[in-house]
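*Asks:* Just data_10.txt, nothing more (compact mmCIF, C-alpha atoms):
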# COMPACT_ATOMS: atom_id res chain seq x y z
CA SER X 17 21.63 -39.50 -21.97
CA LEU X 18 20.76 -36.45 -19.90
CA LEU X 19 20.40 -34.31 -23.00
CA THR X 20 18.61 -36.69 -25.34
CA MET X 21 15.74 -37.51 -22.99
CA PHE X 22 14.63 -33.87 -23.22
CA VAL X 23 13.31 -32.16 -26.34
CA LEU X 24 12.47 -28.56 -27.20
CA VAL X 25 8.88 -28.21 -28.40
CA ALA X 26 7.54 -25.11 -30.19
CA MET X 27 4.15 -24.02 -28.84
CA LYS X 28 1.80 -21.05 -28.89
CA ASP X 29 -0.82 -19.89 -26.44
CA LEU X 30 -3.03 -16.99 -25.39
CA VAL X 31 -1.87 -15.92 -21.93
CA GLU X 32 -4.07 -13.95 -19.55
CA VAL X 33 -2.41 -11.12 -17.60
CA LYS X 34 -4.29 -9.89 -14.53
CA PRO X 35 -4.71 -6.10 -14.02
CA TRP X 36 -2.44 -6.00 -10.97
CA LYS X 37 0.38 -7.33 -13.11
CA PHE X 38 0.14 -4.65 -15.83
CA ALA X 39 3.03 -2.68 -14.32
CA GLU X 40 5.33 -5.68 -14.25
CA ASP X 41 7.71 -6.64 -17.05
CA ARG X 42 5.56 -8.29 -19.71
CA VAL X 43 8.08 -11.03 -20.61
CA ASP X 44 8.60 -11.97 -16.96
CA THR X 45 4.85 -12.05 -16.33
CA VAL X 46 4.09 -14.18 -19.38
CA SER X 47 6.99 -16.52 -18.59
CA SER X 48 5.71 -17.03 -15.07
CA GLU X 49 2.17 -17.74 -16.31
CA LEU X 50 3.40 -20.27 -18.88
CA ASN X 51 5.45 -22.15 -16.30
CA LYS X 52 2.53 -22.10 -13.88
CA LYS X 53 0.20 -23.46 -16.54
CA LEU X 54 2.43 -26.10 -18.13
CA ALA X 55 5.22 -27.24 -15.78
CA ASN X 56 4.66 -30.87 -14.67
CA LYS X 57 1.78 -31.25 -17.12
CA VAL X 58 1.56 -33.82 -19.91
CA ILE X 59 0.67 -32.84 -23.46
CA HIS X 60 -0.77 -35.78 -25.36
CA ASN X 61 1.71 -37.39 -27.77
CA VAL X 62 4.32 -34.77 -26.83
CA GLY X 63 5.56 -35.55 -23.32
CA LEU X 64 5.94 -34.13 -19.81
CA CYS X 65 6.49 -30.36 -19.77
CA ILE X 66 9.41 -29.35 -17.52
CA SER X 67 10.03 -25.61 -17.91
CA LEU X 68 9.95 -22.71 -20.34
CA PHE X 69 13.08 -22.41 -22.50
CA ASP X 70 12.45 -19.13 -24.34
CA ILE X 71 9.80 -16.86 -25.84
CA THR X 72 10.15 -16.38 -29.58
CA LYS X 73 7.24 -14.01 -30.24
CA LEU X 74 5.19 -11.82 -27.93
CA GLY X 75 2.06 -10.27 -29.44
CA ASP X 76 0.24 -7.10 -28.49
CA ALA X 77 -1.96 -7.12 -25.41
CA MET X 78 -5.68 -7.44 -26.15
CA VAL X 79 -8.51 -6.50 -23.80
CA PHE X 80 -11.84 -8.22 -24.41
CA PRO X 81 -15.15 -6.47 -23.61
CA GLY X 82 -16.21 -7.03 -20.02
CA LYS X 83 -12.80 -8.34 -19.01
CA GLY X 84 -10.37 -6.49 -16.75
CA SER X 85 -7.45 -8.68 -17.77
CA CYS X 86 -5.52 -8.43 -21.00
CA HIS X 87 -4.56 -11.38 -23.19
CA VAL X 88 -1.26 -11.82 -25.01
CA LYS X 89 -0.57 -14.14 -27.93
CA VAL X 90 2.79 -15.79 -27.37
CA GLU X 91 4.98 -18.28 -29.22
CA PHE X 92 7.62 -20.12 -27.22
CA HIS X 93 9.76 -23.23 -26.72
CA PHE X 94 9.18 -25.52 -23.76
CA ILE X 95 11.57 -28.17 -22.42
CA VAL X 96 9.76 -31.52 -22.53
CA PHE X 97 10.75 -34.87 -21.07
CA ARG X 98 10.32 -37.59 -23.68
CA PRO X 99 13.09 -40.19 -23.92
CA PHE X 100 13.20 -42.19 -27.12
CA VAL X 101 12.54 -45.92 -27.25
CA ASP X 102 15.77 -47.88 -26.58
CA GLU X 103 17.31 -44.96 -24.68
CA VAL X 104 19.18 -45.93 -21.50
CA ILE X 105 18.57 -43.57 -18.60
CA LEU X 106 18.98 -43.41 -14.84
CA GLY X 107 16.19 -43.37 -12.25
CA GLU X 108 15.40 -44.41 -8.70
CA VAL X 109 13.51 -47.44 -7.47
CA ARG X 110 10.16 -46.26 -6.06
CA SER X 111 8.52 -49.56 -5.14
CA CYS X 112 8.35 -53.26 -5.97
CA SER X 113 5.34 -55.50 -6.48
CA PRO X 114 4.80 -59.03 -7.81
CA GLU X 115 4.12 -57.43 -11.21
CA GLY X 116 7.47 -55.65 -11.40
CA VAL X 117 9.41 -52.56 -10.33
CA ASN X 118 8.19 -48.94 -10.29
CA VAL X 119 10.80 -46.28 -11.02
CA SER X 120 10.77 -42.50 -10.62
CA MET X 121 12.96 -39.65 -11.87
CA GLY X 122 13.65 -36.21 -10.45
CA PHE X 123 14.49 -33.32 -12.77
CA ASP X 124 15.31 -30.19 -10.78
CA LYS X 125 15.69 -28.63 -7.34
CA LYS X 126 12.02 -27.59 -7.37
CA GLY X 127 11.03 -31.22 -6.98
CA SER X 128 9.72 -31.99 -10.48
CA MET X 129 9.18 -35.75 -10.64
CA PHE X 130 8.10 -38.39 -13.14
CA ASP X 131 6.80 -41.51 -11.41
CA ASP X 132 5.19 -43.44 -14.24
CA ILE X 133 8.03 -45.77 -15.24
CA PHE X 134 7.40 -49.48 -14.88
CA ILE X 135 9.69 -52.49 -15.34
CA PRO X 136 7.52 -55.62 -15.78
CA ALA X 137 8.68 -58.83 -14.10
CA ASP X 138 9.45 -60.35 -17.52
CA TYR X 139 11.98 -57.58 -18.15
CA LEU X 140 13.97 -58.11 -14.97
CA PRO X 141 17.25 -60.08 -15.12
CA HIS X 142 16.70 -63.83 -15.44
CA PRO X 143 16.23 -65.61 -13.16
CA SER X 144 14.61 -63.25 -10.63
CA LYS X 145 12.26 -63.95 -7.74
CA PHE X 146 9.91 -61.80 -5.66
CA ASN X 147 10.16 -61.82 -1.87
CA ARG X 148 6.60 -61.14 -0.65
CA GLU X 149 7.68 -60.71 2.96
CA ASP X 150 10.03 -57.82 2.21
CA ASN X 151 8.39 -56.67 -1.06
CA VAL X 152 11.65 -56.78 -2.98
CA TRP X 153 12.84 -58.45 -6.17
CA ALA X 154 16.05 -60.46 -6.18
CA TRP X 155 18.19 -61.35 -9.16
CA GLU X 156 19.55 -64.86 -8.60
CA TYR X 157 23.04 -64.11 -9.89
CA PRO X 158 25.09 -67.23 -10.69
CA THR X 159 28.42 -67.43 -8.87
CA ASP X 160 31.67 -69.12 -9.91
CA GLU X 161 30.97 -71.90 -7.41
CA GLY X 162 27.84 -72.94 -9.30
CA ALA X 163 25.48 -71.51 -6.71
CA SER X 164 23.63 -68.17 -6.86
CA ALA X 165 23.70 -64.93 -4.89
CA ASP X 166 20.57 -62.80 -4.43
CA LEU X 167 21.09 -59.25 -5.68
CA LEU X 168 18.20 -57.33 -4.13
CA ILE X 169 16.32 -54.38 -5.63
CA TYR X 170 15.68 -51.98 -2.75
CA ASN X 171 13.55 -48.83 -2.77
CA GLY X 172 15.59 -45.66 -3.19
CA GLU X 173 18.42 -47.34 -5.11
CA LYS X 174 19.71 -45.79 -8.32
CA ILE X 175 18.76 -47.93 -11.31
CA ARG X 176 19.82 -47.85 -14.96
CA PHE X 177 17.13 -48.99 -17.41
CA ARG X 178 16.30 -49.11 -21.11
CA VAL X 179 13.03 -47.62 -22.38
CA ILE X 180 11.17 -50.23 -24.43
CA SER X 181 7.83 -48.47 -25.03
CA GLU X 182 5.78 -45.39 -24.21
CA THR X 183 2.04 -45.00 -23.69
CA PHE X 184 -0.09 -41.87 -23.97
CA VAL X 185 -3.68 -41.75 -22.73
CA ASP X 186 -5.77 -39.02 -24.34
CA CYS X 187 -7.39 -36.87 -21.65
CA THR X 188 -8.89 -33.40 -21.29
CA PRO X 189 -8.37 -31.14 -24.34
CA ASN X 190 -7.45 -27.89 -22.65
CA THR X 191 -3.97 -26.50 -23.39
CA PRO X 192 -1.78 -24.58 -25.81
CA GLU X 193 -1.57 -25.89 -29.32
CA LEU X 194 1.69 -26.87 -30.88
CA ALA X 195 3.25 -24.47 -33.33
CA SER X 196 2.27 -26.87 -36.12
CA GLY X 197 -1.36 -26.20 -35.25
CA ALA X 198 -2.13 -29.66 -33.91
CA ALA X 199 -4.62 -29.73 -31.06
CA THR X 200 -3.24 -30.90 -27.75
CA GLY X 201 -4.55 -31.56 -24.27
CA VAL X 202 -3.29 -31.34 -20.72
CA ALA X 203 -4.23 -34.51 -18.96
CA GLU X 204 -6.14 -34.78 -15.75
CA GLU X 205 -3.86 -35.45 -12.80
CA SER X 206 -6.08 -38.29 -11.59
CA ARG X 207 -5.16 -40.39 -14.63
CA THR X 208 -1.87 -41.63 -16.06
CA PRO X 209 -1.55 -39.63 -19.28
CA TYR X 210 2.03 -40.65 -20.09
CA SER X 211 3.96 -43.71 -18.95
CA LEU X 212 7.09 -45.62 -19.89
CA THR X 213 7.75 -49.35 -19.90
CA ALA X 214 11.37 -50.29 -19.31
CA SER X 215 13.77 -53.22 -19.08
CA ILE X 216 16.84 -54.12 -17.00
CA SER X 217 17.34 -57.59 -18.46
CA GLU X 218 20.62 -56.76 -20.26
CA SER X 219 24.14 -56.73 -18.89
CA GLY X 220 25.04 -53.34 -17.41
CA LEU X 221 21.44 -52.46 -16.59
CA GLY X 222 19.84 -52.58 -13.16
CA LEU X 223 21.08 -51.17 -9.86
CA LEU X 224 24.28 -49.17 -10.17
CA SER X 225 25.61 -51.02 -7.13
CA TRP X 226 25.52 -54.29 -9.10
CA TRP X 227 28.12 -53.06 -11.58
CA GLN X 228 30.34 -50.78 -9.50
CA ASN X 229 33.24 -53.21 -9.54
CA GLU X 230 33.12 -53.42 -13.32
CA GLU X 231 33.04 -49.67 -14.04
Take the structure in this file and express it as structure tokens.
*Replies:*
Amino acid sequence: SLLTMFVLVAMKDLVEVKPWKFAEDRVDTVSSELNKKLANKVIHNVGLCISLFDITKLGDAMVFPGKGSCHVKVEFHFIVFRPFVDEVILGEVRSCSPEGVNVSMGFDKKGSMFDDIFIPADYLPHPSKFNREDNVWAWEYPTDEGASADLLIYNGEKIRFRVISETFVDCTPNTPELASGAATGVAEESRTPYSLTASISESGLGLLSWWQNEE
């Protein structure tokens, strides 16, 4: 589901170009400014911005009185991370707690990460138990002999999960508007503007190492 968890979102913005960048290629300069402004930011009810896809319209440069910079109206598409509910995707175990399992995802070589994925204890395979000494969850997998074997969930392991819900928290209104004209806001980094709740309670979900013999 590498393709479906990303969407292309049409946006527009007014980009400031500093005087020392006037001699540079205008498209390259605007592209750089858009990525600097939006990459790894959350737009409310839209998703996590990853990178600029293309520029569809570049307006004329405008210089406002008393300002040395020029401003350019631009319309563009941005790649946004927003998996749909029920989508099955792959991440990495970040940490475990009595409440559940925290999962993260990496997107590119630049180190873009999304850490706000949580699997509540109720959505782990049943039955599961939490080992407080080692801070790991264990799925008590029934064996053919009628006993059970503990399949542990370790940090750093690859994990396949199903998205069951998403949550947006409305934060600071201070970003480009969507092409539809709807107001949007880039969230403050100190809060959790966008998070996913996930499940690994179904067959085939969970650590990849659990199912290697069946694939």
*Asks:* Restricting the calculation to only C-alpha atoms: of X:Val23, X:Val31, X:Ile169, X:Val185, which residue gets closest to His87 of chain X?
*Replies:*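 Ranking X:Val23, X:Val31, X:Ile169, X:Val185 by distance to His87 of chain X, first place goes to X:Val31.
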*Asks:* Separation of atom CA of Ala165 of chain X and atom CA of Ser144 of chain X, in Å?
*Replies:*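 These atoms are spaced 10.9 Å apart.
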*Asks:* Could you tell me which of X:Leu212, X:Ile95, X:Ala39, X:Val109 comes closest to Trp153 of chain X if we count all atoms listed in the file?
*Replies:*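 Under the stated criterion, the closest residue is X:Val109.
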*Asks:* Under the rule that all atoms listed in the file are counted, which of X:Leu30, X:Ala214, X:Leu68, X:Leu106 is the nearest residue to Ile133 of chain X?
*Replies:*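 Checking each candidate against Ile133 of chain X, we get X:Ala214 as the closest.
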*Asks:* Could you pull the residues within 6 Å of Asn118 of chain X, counting all atoms listed in the file, minus those fewer than 5 positions along the same chain, as a list in words?
*Replies:*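 In the requested form, the answer reads Arg110, Ser111, Ile133 and Phe134 of chain X.
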*Asks:* So that I can see what lies close to Ala55 of chain X, please list as an mmCIF file with C-alpha atoms, in the frame of the given file the residues with an atom at most 12 Å from it, counting all atoms listed in the file and leaving out residues fewer than 4 positions away in the same chain.
*Replies:*
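out_35.cif, written as the output of this step:
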data_model
loop_
_atom_site.group_PDB
_atom_site.id
_atom_site.type_symbol
_atom_site.label_atom_id
_atom_site.label_comp_id
_atom_site.auth_asym_id
_atom_site.auth_seq_id
_atom_site.Cartn_x
_atom_site.Cartn_y
_atom_site.Cartn_z
ATOM 1 C CA SER X 47 6.990 -16.520 -18.590
ATOM 2 C CA SER X 48 5.710 -17.030 -15.070
ATOM 3 C CA GLU X 49 2.170 -17.740 -16.310
ATOM 4 C CA LEU X 50 3.400 -20.270 -18.880
ATOM 5 C CA ASN X 51 5.450 -22.150 -16.300
ATOM 6 C CA ILE X 59 0.670 -32.840 -23.460
ATOM 7 C CA GLY X 63 5.560 -35.550 -23.320
ATOM 8 C CA LEU X 64 5.940 -34.130 -19.810
ATOM 9 C CA CYS X 65 6.490 -30.360 -19.770
ATOM 10 C CA ILE X 66 9.410 -29.350 -17.520
ATOM 11 C CA SER X 67 10.030 -25.610 -17.910
ATOM 12 C CA LEU X 68 9.950 -22.710 -20.340
ATOM 13 C CA PHE X 69 13.080 -22.410 -22.500
ATOM 14 C CA PHE X 94 9.180 -25.520 -23.760
ATOM 15 C CA ILE X 95 11.570 -28.170 -22.420
ATOM 16 C CA VAL X 96 9.760 -31.520 -22.530
ATOM 17 C CA PHE X 97 10.750 -34.870 -21.070
ATOM 18 C CA PHE X 123 14.490 -33.320 -12.770
ATOM 19 C CA ASP X 124 15.310 -30.190 -10.780
ATOM 20 C CA LYS X 126 12.020 -27.590 -7.370
ATOM 21 C CA GLY X 127 11.030 -31.220 -6.980
ATOM 22 C CA SER X 128 9.720 -31.990 -10.480
ATOM 23 C CA MET X 129 9.180 -35.750 -10.640
ATOM 24 C CA PHE X 130 8.100 -38.390 -13.140
ATOM 25 C CA THR X 191 -3.970 -26.500 -23.390
ATOM 26 C CA VAL X 202 -3.290 -31.340 -20.720
#
*Asks:* Compile the contact shell of segment 177-181 of chain X as a list in words: residues with an atom at most 9 Å away, counting all atoms listed in the file, same-chain residues fewer than 4 positions apart removed.
*Replies:*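 The filter keeps Pro99, Phe100, Val101, Asp102, Glu103, Val104, Ile105, Leu106, Gly107, Ile133, Ile135, Ser211, Leu212, Thr213, Ala214, Ser215, Ile216, Ser217, Glu218, Leu221, Gly222 and Leu223 of chain X.
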*Asks:* Those same residues - C-alpha atoms - I'd like them written as a compact mmCIF listing (two decimals), keeping the file's coordinate frame.
*Replies:*
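Dumped to result.txt:
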# COMPACT_ATOMS: atom_id res chain seq x y z
CA PRO X 99 13.09 -40.19 -23.92
CA PHE X 100 13.20 -42.19 -27.12
CA VAL X 101 12.54 -45.92 -27.25
CA ASP X 102 15.77 -47.88 -26.58
CA GLU X 103 17.31 -44.96 -24.68
CA VAL X 104 19.18 -45.93 -21.50
CA ILE X 105 18.57 -43.57 -18.60
CA LEU X 106 18.98 -43.41 -14.84
CA GLY X 107 16.19 -43.37 -12.25
CA ILE X 133 8.03 -45.77 -15.24
CA ILE X 135 9.69 -52.49 -15.34
CA SER X 211 3.96 -43.71 -18.95
CA LEU X 212 7.09 -45.62 -19.89
CA THR X 213 7.75 -49.35 -19.90
CA ALA X 214 11.37 -50.29 -19.31
CA SER X 215 13.77 -53.22 -19.08
CA ILE X 216 16.84 -54.12 -17.00
CA SER X 217 17.34 -57.59 -18.46
CA GLU X 218 20.62 -56.76 -20.26
CA LEU X 221 21.44 -52.46 -16.59
CA GLY X 222 19.84 -52.58 -13.16
CA LEU X 223 21.08 -51.17 -9.86
*Asks:* So how many Å separate atom CA of Glu182 of chain X and atom CA of Tyr210 of chain X, to one decimal?
*Replies:*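 Distance reported for this atom pair: 7.3 Å.
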*Asks:* List as JSON, numbers by chain the protein and nucleic acid residues near segment 148-152 of chain X, meaning an atom at most 8 Å away when only C-alpha atoms are counted, but skip any in the same chain fewer than 5 places from it.
*Replies:* {"X": [112, 113, 114, 168, 169, 170]}
*Asks:* Find the smallest box with edges along x, y and z containing every listed atom of segment 169-172 of chain X, then add 4 Å on each side and report centre and edge lengths in Å to one decimal, as AutoDock Vina command-line options.
*Replies:*
--center_x 14.9 --center_y -50.0 --center_z -4.2 --size_x 10.8 --size_y 16.7 --size_z 10.9
*Asks:* Mind listing whatever residues come within 6 Å of the point (14.9, -47.2, -7.6)? Use all atoms listed in the file, file coordinates, and give them as a list in words.
*Replies:*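 The distance filter leaves exactly Glu108, Val109, Arg110, Val119, Asn171, Gly172, Glu173, Lys174 and Ile175 of chain X.
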*Asks:* Store the residues picked out above, limited to C-alpha atoms, as an mmCIF file, in the coordinates of the input.
*Replies:*
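Wrote it out as out-v8.cif, contents follow:
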data_model
loop_
_atom_site.group_PDB
_atom_site.id
_atom_site.type_symbol
_atom_site.label_atom_id
_atom_site.label_comp_id
_atom_site.auth_asym_id
_atom_site.auth_seq_id
_atom_site.Cartn_x
_atom_site.Cartn_y
_atom_site.Cartn_z
ATOM 1 C CA GLU X 108 15.400 -44.410 -8.700
ATOM 2 C CA VAL X 109 13.510 -47.440 -7.470
ATOM 3 C CA ARG X 110 10.160 -46.260 -6.060
ATOM 4 C CA VAL X 119 10.800 -46.280 -11.020
ATOM 5 C CA ASN X 171 13.550 -48.830 -2.770
ATOM 6 C CA GLY X 172 15.590 -45.660 -3.190
ATOM 7 C CA GLU X 173 18.420 -47.340 -5.110
ATOM 8 C CA LYS X 174 19.710 -45.790 -8.320
ATOM 9 C CA ILE X 175 18.760 -47.930 -11.310
#
*Asks:* Could you work out how far atom CA of Ser120 of chain X lies from atom CA of Thr20 of chain X, giving the answer in Å with one decimal?
*Replies:* 17.7 Å
